[in-house]
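Chemist: Next comes structure35.csv, CSV, C-alpha atoms:
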```csv
chain,number,residue,atom,x,y,z
F,1,MET,CA,0.0,0.0,0.0
F,2,ARG,CA,1.4,3.4,-1.0
F,3,GLU,CA,1.2,6.2,1.6
F,4,ILE,CA,-0.7,9.4,1.0
F,5,THR,CA,0.6,12.4,2.9
F,6,SER,CA,-1.6,15.3,1.7
F,7,ALA,CA,-4.9,16.5,3.0
F,8,LYS,CA,-5.1,13.9,5.8
F,9,TYR,CA,-6.8,16.3,8.2
F,10,TRP,CA,-9.5,17.1,5.7
F,11,TYR,CA,-10.1,13.3,5.0
F,12,LEU,CA,-10.5,12.5,8.6
F,13,LYS,CA,-13.0,15.4,9.1
F,14,GLN,CA,-15.3,13.8,6.5
F,15,ILE,CA,-15.6,10.5,8.5
F,16,LYS,CA,-19.0,10.3,10.0
F,17,LEU,CA,-17.8,8.8,13.2
F,18,PHE,CA,-15.5,11.8,13.9
F,19,SER,CA,-17.5,14.6,12.3
F,20,ASP,CA,-18.3,16.3,15.7
F,21,LEU,CA,-14.8,16.4,17.0
F,22,SER,CA,-13.1,19.7,17.7
F,23,ASP,CA,-10.1,20.9,15.7
F,24,GLU,CA,-7.8,20.0,18.6
F,25,ASP,CA,-9.2,16.5,18.8
F,26,MET,CA,-8.8,16.1,15.0
F,27,LYS,CA,-5.2,17.2,15.2
F,28,THR,CA,-4.6,14.5,17.9
F,29,MET,CA,-6.1,11.9,15.7
F,30,GLU,CA,-4.2,13.1,12.7
F,31,ALA,CA,-1.0,12.5,14.5
F,32,MET,CA,-2.0,8.9,15.3
F,33,THR,CA,-2.9,8.0,11.7
F,34,ARG,CA,-1.4,7.5,8.3
F,35,MET,CA,-3.1,7.7,4.9
F,36,GLU,CA,-2.6,4.9,2.4
F,37,PHE,CA,-3.5,4.2,-1.2
F,38,VAL,CA,-4.9,0.7,-2.1
F,39,ARG,CA,-5.2,-0.4,-5.7
F,40,LYS,CA,-8.3,-2.1,-7.0
F,41,ARG,CA,-8.4,-5.8,-6.0
F,42,GLN,CA,-5.5,-5.3,-3.6
F,43,ILE,CA,-5.9,-7.2,-0.3
F,44,VAL,CA,-5.9,-5.1,2.9
F,45,TYR,CA,-5.9,-8.1,5.2
F,46,ILE,CA,-6.7,-11.9,5.2
F,47,PRO,CA,-8.0,-14.4,7.8
F,48,GLY,CA,-5.3,-15.1,10.3
F,49,ASP,CA,-3.7,-11.7,10.1
F,50,PRO,CA,-3.3,-10.0,13.5
F,51,GLY,CA,-5.9,-7.4,14.3
F,52,ASN,CA,-3.4,-4.7,15.1
F,53,SER,CA,-4.9,-1.9,13.0
F,54,VAL,CA,-8.1,-0.1,12.4
F,55,TYR,CA,-9.0,1.2,9.0
F,56,ILE,CA,-11.2,4.1,7.9
F,57,LEU,CA,-12.3,4.4,4.2
F,58,LYS,CA,-12.0,7.8,2.7
F,59,LYS,CA,-12.4,7.0,-1.0
F,60,GLY,CA,-13.4,3.9,-3.0
F,61,ARG,CA,-15.1,0.7,-1.8
F,62,ILE,CA,-13.9,-2.1,0.4
F,63,LYS,CA,-15.3,-5.6,0.3
F,64,ILE,CA,-15.4,-7.6,3.5
F,65,SER,CA,-15.8,-11.3,2.7
F,66,ARG,CA,-15.3,-14.9,3.9
F,67,LEU,CA,-14.5,-18.2,2.1
F,68,MET,CA,-17.2,-20.9,2.4
F,69,GLU,CA,-16.4,-24.5,2.8
F,70,ASP,CA,-17.0,-25.2,-0.9
F,71,GLY,CA,-14.4,-22.6,-1.8
F,72,ARG,CA,-16.8,-19.9,-2.9
F,73,GLU,CA,-16.5,-16.4,-1.6
F,74,LEU,CA,-19.3,-14.8,0.4
F,75,THR,CA,-19.4,-11.1,0.6
F,76,LEU,CA,-20.5,-9.9,4.0
F,77,ALA,CA,-20.4,-6.2,3.4
F,78,ILE,CA,-19.4,-3.6,0.9
F,79,LEU,CA,-18.2,-0.5,2.6
F,80,GLU,CA,-18.5,3.1,1.2
F,81,PRO,CA,-16.5,6.2,2.1
F,82,GLY,CA,-16.8,7.3,5.7
F,83,GLU,CA,-17.0,3.8,7.1
F,84,ILE,CA,-14.6,2.1,9.6
F,85,PHE,CA,-13.5,-1.5,9.4
F,86,GLY,CA,-11.2,-3.9,11.2
F,87,GLU,CA,-12.2,-2.4,14.5
F,88,ILE,CA,-13.9,-5.5,16.1
F,89,ASP,CA,-10.7,-7.6,15.8
F,90,ALA,CA,-8.6,-4.8,17.1
F,91,LEU,CA,-10.8,-4.2,20.1
F,92,GLU,CA,-11.2,-7.9,20.9
F,93,ASN,CA,-7.5,-8.5,20.4
F,94,THR,CA,-8.2,-11.4,18.0
F,95,SER,CA,-6.9,-12.4,14.5
F,96,ARG,CA,-8.8,-11.5,11.4
F,97,ASP,CA,-11.5,-14.0,10.5
F,98,THR,CA,-12.5,-12.2,7.3
F,99,MET,CA,-10.8,-10.8,4.2
F,100,ALA,CA,-10.8,-7.1,3.2
F,101,ALA,CA,-10.0,-6.1,-0.4
F,102,ALA,CA,-10.4,-3.0,-2.5
F,103,MET,CA,-13.1,-3.0,-5.1
F,104,ASP,CA,-11.8,0.3,-6.5
F,105,ASP,CA,-8.7,2.3,-6.2
F,106,SER,CA,-9.1,3.5,-2.6
F,107,ASN,CA,-7.7,5.8,0.0
F,108,ILE,CA,-7.8,4.5,3.6
F,109,CYS,CA,-6.7,5.9,6.9
F,110,VAL,CA,-4.8,3.4,9.1
F,111,MET,CA,-4.6,3.7,12.9
F,112,ARG,CA,-2.6,1.3,15.2
F,113,LYS,CA,-4.8,-0.7,17.7
F,114,GLU,CA,-3.1,1.0,20.7
F,115,ASP,CA,-3.7,4.5,19.3
F,116,PHE,CA,-7.3,3.7,18.5
F,117,GLU,CA,-7.9,2.4,22.1
F,118,LYS,CA,-6.2,5.5,23.5
F,119,PHE,CA,-8.4,7.8,21.4
F,120,LEU,CA,-11.5,6.0,22.6
F,121,ARG,CA,-10.5,6.5,26.2
F,122,MET,CA,-10.0,10.2,25.5
F,123,LYS,CA,-13.4,10.7,23.9
F,124,PRO,CA,-16.0,8.6,25.7
F,125,ASP,CA,-18.8,9.6,23.3
F,126,ILE,CA,-17.1,8.0,20.4
F,127,PRO,CA,-17.5,4.4,21.7
F,128,ILE,CA,-21.2,4.9,22.0
F,129,LYS,CA,-21.4,5.9,18.3
F,130,LEU,CA,-19.1,3.0,17.4
F,131,THR,CA,-21.2,0.5,19.3
F,132,LYS,CA,-24.3,1.6,17.3
F,133,LEU,CA,-22.4,1.4,14.0
F,134,ILE,CA,-21.1,-2.1,14.8
F,135,GLY,CA,-24.5,-3.2,15.9
F,136,LEU,CA,-26.2,-1.9,12.7
F,137,ARG,CA,-23.5,-3.6,10.5
F,138,LEU,CA,-23.9,-6.9,12.3
F,139,LYS,CA,-27.6,-6.8,12.0
F,140,ARG,CA,-27.3,-6.3,8.2
F,141,ILE,CA,-25.0,-9.3,8.0
F,142,GLU,CA,-27.3,-11.4,10.1
F,143,ASN,CA,-30.2,-10.5,7.9
F,144,ARG,CA,-28.2,-11.4,4.8
F,145,ILE,CA,-27.1,-14.8,6.2
F,146,GLU,CA,-30.7,-15.6,7.2
F,147,ASN,CA,-31.8,-14.7,3.6
F,148,LEU,CA,-29.1,-17.1,2.3
F,149,LEU,CA,-30.3,-20.0,4.5
F,150,TYR,CA,-34.0,-19.8,3.8
F,151,LYS,CA,-34.5,-18.2,0.3
F,152,ASP,CA,-33.8,-19.3,-3.2
F,153,VAL,CA,-31.6,-17.4,-5.7
F,154,PRO,CA,-34.3,-15.2,-7.2
F,155,SER,CA,-35.4,-14.1,-3.8
F,156,ARG,CA,-31.8,-13.4,-2.7
F,157,LEU,CA,-31.0,-11.5,-5.8
F,158,ALA,CA,-34.2,-9.5,-5.6
F,159,ARG,CA,-33.3,-8.6,-2.0
F,160,ILE,CA,-29.9,-7.3,-3.0
F,161,LEU,CA,-31.4,-5.2,-5.8
F,162,LEU,CA,-34.0,-3.7,-3.4
F,163,ASP,CA,-31.2,-2.9,-0.9
F,164,LEU,CA,-29.4,-1.0,-3.6
F,165,VAL,CA,-32.6,0.8,-4.5
F,166,ASP,CA,-32.7,2.2,-1.0
F,167,GLU,CA,-29.5,4.1,-1.8
F,168,ALA,CA,-30.5,5.2,-5.3
F,169,HIS,CA,-32.1,8.3,-6.9
F,170,TYR,CA,-35.3,8.2,-8.8
F,171,ASP,CA,-35.6,9.6,-12.3
F,172,ASP,CA,-38.7,11.5,-13.8
F,173,ASN,CA,-40.4,8.3,-14.6
F,174,MET,CA,-40.1,7.0,-11.1
F,175,GLU,CA,-37.9,4.2,-12.3
F,176,VAL,CA,-34.8,3.4,-10.2
F,177,CYS,CA,-31.5,3.7,-12.1
F,178,LEU,CA,-28.6,1.9,-10.4
F,179,ILE,CA,-25.1,2.5,-11.5
F,180,ALA,CA,-23.7,-0.9,-12.3
F,181,ARG,CA,-20.8,-0.8,-9.8
F,182,LEU,CA,-21.3,-4.6,-9.1
F,183,THR,CA,-20.4,-7.2,-11.7
F,184,HIS,CA,-22.4,-10.3,-12.0
F,185,GLN,CA,-19.7,-12.2,-10.1
F,186,GLU,CA,-19.8,-9.6,-7.3
F,187,LEU,CA,-23.6,-10.0,-7.1
F,188,ALA,CA,-23.1,-13.7,-6.9
F,189,ASN,CA,-20.6,-13.4,-4.1
F,190,LEU,CA,-23.2,-11.3,-2.2
F,191,ILE,CA,-25.9,-14.1,-2.4
F,192,ALA,CA,-23.6,-17.2,-2.3
F,193,SER,CA,-24.4,-18.2,-5.8
F,194,THR,CA,-22.5,-18.4,-9.1
F,195,ARG,CA,-22.0,-15.8,-11.8
F,196,GLU,CA,-23.9,-18.0,-14.4
F,197,THR,CA,-26.9,-18.4,-12.1
F,198,VAL,CA,-27.0,-14.6,-11.4
F,199,SER,CA,-26.8,-13.8,-15.1
F,200,LEU,CA,-29.7,-16.2,-15.9
F,201,THR,CA,-31.8,-14.8,-13.0
F,202,LEU,CA,-31.2,-11.2,-14.1
F,203,GLY,CA,-32.3,-12.3,-17.6
F,204,GLU,CA,-35.5,-13.8,-16.1
F,205,PHE,CA,-36.2,-10.5,-14.3
F,206,ARG,CA,-35.6,-8.6,-17.6
F,207,ASP,CA,-38.0,-11.0,-19.5
F,208,LYS,CA,-40.7,-10.3,-16.9
F,209,GLY,CA,-40.3,-6.5,-17.3
F,210,LEU,CA,-38.9,-6.1,-13.8
F,211,ILE,CA,-35.5,-4.7,-14.8
F,212,GLU,CA,-33.3,-3.6,-17.7
F,213,PHE,CA,-29.5,-3.8,-17.5
F,214,ASN,CA,-26.3,-3.3,-19.4
F,215,ARG,CA,-22.6,-2.9,-18.4
F,216,LYS,CA,-23.2,0.7,-17.1
F,217,GLU,CA,-26.5,0.5,-15.2
F,218,ILE,CA,-29.4,-1.5,-13.9
F,219,VAL,CA,-32.8,0.1,-14.2
F,220,ILE,CA,-35.5,-1.2,-11.9
F,221,ARG,CA,-38.7,-0.9,-13.8
F,222,ASN,CA,-41.1,-2.8,-11.4
F,223,LYS,CA,-40.0,-2.6,-7.8
F,224,ASN,CA,-43.3,-4.2,-6.6
F,225,GLY,CA,-42.6,-7.1,-8.9
F,226,LEU,CA,-39.2,-7.7,-7.2
F,227,ILE,CA,-40.8,-7.4,-3.8
F,228,LYS,CA,-43.1,-10.4,-4.6
F,229,TYR,CA,-40.0,-12.6,-4.8
F,230,LEU,CA,-39.1,-11.9,-1.1
```
Mind turning the file's structure into structure tokens?

Modeler:
Amino acid sequence: MREITSAKYWYLKQIKLFSDLSDEDMKTMEAMTRMEFVRKRQIVYIPGDPGNSVYILKKGRIKISRLMEDGRELTLAILEPGEIFGEIDALENTSRDTMAAAMDDSNICVMRKEDFEKFLRMKPDIPIKLTKLIGLRLKRIENRIENLLYKDVPSRLARILLDLVDEAHYDDNMEVCLIARLTHQELANLIASTRETVSLTLGEFRDKGLIEFNRKEIVIRNKNGLIKYL
């Protein structure tokens, strides 16, 4: 990972978890961190690595995943700018049990475990925010795993598309246009399926008039139709 030295203070100020900190607090944190550049598909950490660092995503996307027994990859979370990761292993003093990898060229802020713990002790309101953030992320993962256990592929894929809809903008025709930032393989990893099955299922959704898609975008034409698969 190549270190970034410019504009670190500004990057940190944009992180949701630290947005309410004073300038003095931000300068303290700035001294405890370093900014790094991670190329697309580059690994940040793998299972078994020591949990000795906490990471904050400034730019790009980071995928948190785990290998299943059959060798397939299951994506647990896709993190967007402003999110923190690797904090649970650091706080619990355990080795990594997941893999983190960059989905795009990304900028991340790295803080040593000891410095992170020190900062939490200095600012008692931050742990409260962090606990809520961790709880929300774990709830999302639990819901996804439950969906994998009890739903078929069309239902799982519909759920992922509807989750993406929640973060999308509507156009004048009230259709939802999703920027196709996830490949068919990445969608497959999110629902514990195969790329071929995902492609076939997307084709079925298109044939039923529920969606349209190409390499650049997915257009949700019938949200209620997708909801019926849940």

Chemist: Would you list the contacts of Gly225 (chain F) as a ChimeraX atom specification, taking every protein, DNA or RNA residue within 12 Å and counting all atoms listed in the file, but skipping same-chain residues closer than 4 positions in sequence?

Modeler: /F:154-155,158-159,161-162,205-206,208-211,220-221,229-230

Chemist: Which polymer residues have any atom within 8 Å of an atom of Leu148 (chain F), counting all atoms listed in the file, with same-chain residues fewer than 5 positions away left out, as a list in words?

Modeler: Arg156, Ile191 and Ala192 of chain F

Chemist: Would you mind reading off the distance between CA of Ala101 (chain F) and CA of Arg181 (chain F), one decimal, in Å?

Modeler: 15.3 Å

Chemist: Just the number, please: distance in Å from CA of Glu142 (chain F) to CA of Leu157 (chain F), one decimal.

Modeler: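 Going from CA of Glu142 (chain F) over to CA of Leu157 (chain F) covers 16.3 Å.
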
Chemist: Which residues come within 9 Å of region 44-58 of chain F, counting only C-alpha atoms, excluding same-chain residues fewer than 5 positions away, as a ChimeraX atom specification?

Modeler: /F:1,11-12,14-15,38,66,79-102,106-114,116

Chemist: Just how far from CA of Asp23 (chain F) is CA of Leu120 (chain F), in Å to one decimal?

Modeler: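 A separation of 16.5 Å between them.
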
Chemist: Kindly indicate which residue among F:Met103, F:Leu74, F:Val153, F:Met35 lies nearest to Thr197 (chain F), using only C-alpha atoms for the distances.

Modeler: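 Under the stated criterion, the closest residue is F:Val153.
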
Chemist: Identify, on the basis of only C-alpha atoms, every residue whose closest approach to Leu76 (chain F) does not exceed 7 Å; exclude the query and any residue fewer than 2 positions from it along the same chain; express the result as a PDB file with C-alpha atoms, in the frame of the given file.

Modeler:
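Contents of result19.pdb, as written:
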```pdb
ATOM      1  CA  ILE F  64     -15.400  -7.600   3.500  1.00  0.00           C
ATOM      2  CA  SER F  65     -15.800 -11.300   2.700  1.00  0.00           C
ATOM      3  CA  LEU F  74     -19.300 -14.800   0.400  1.00  0.00           C
ATOM      4  CA  ILE F 141     -25.000  -9.300   8.000  1.00  0.00           C
ATOM      5  CA  LEU F 190     -23.200 -11.300  -2.200  1.00  0.00           C
TER       6      LEU F 190
END
```

Chemist: Could you check the closest approach to Asn224 (chain F) for each of F:Glu117, F:Glu196, F:Glu204, F:Glu175 and tell me which residue wins, using all atoms listed in the file?

Modeler: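 Closest candidate: F:Glu175.
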
Chemist: So that I can check the surroundings of Asp207 (chain F), please list as an MDAnalysis selection string every protein, DNA and RNA residue that reaches within 12 Å of it, counting only C-alpha atoms and ignoring chain neighbours fewer than 6 positions away.

Modeler: chainID F and resid 200:201 213 221:222
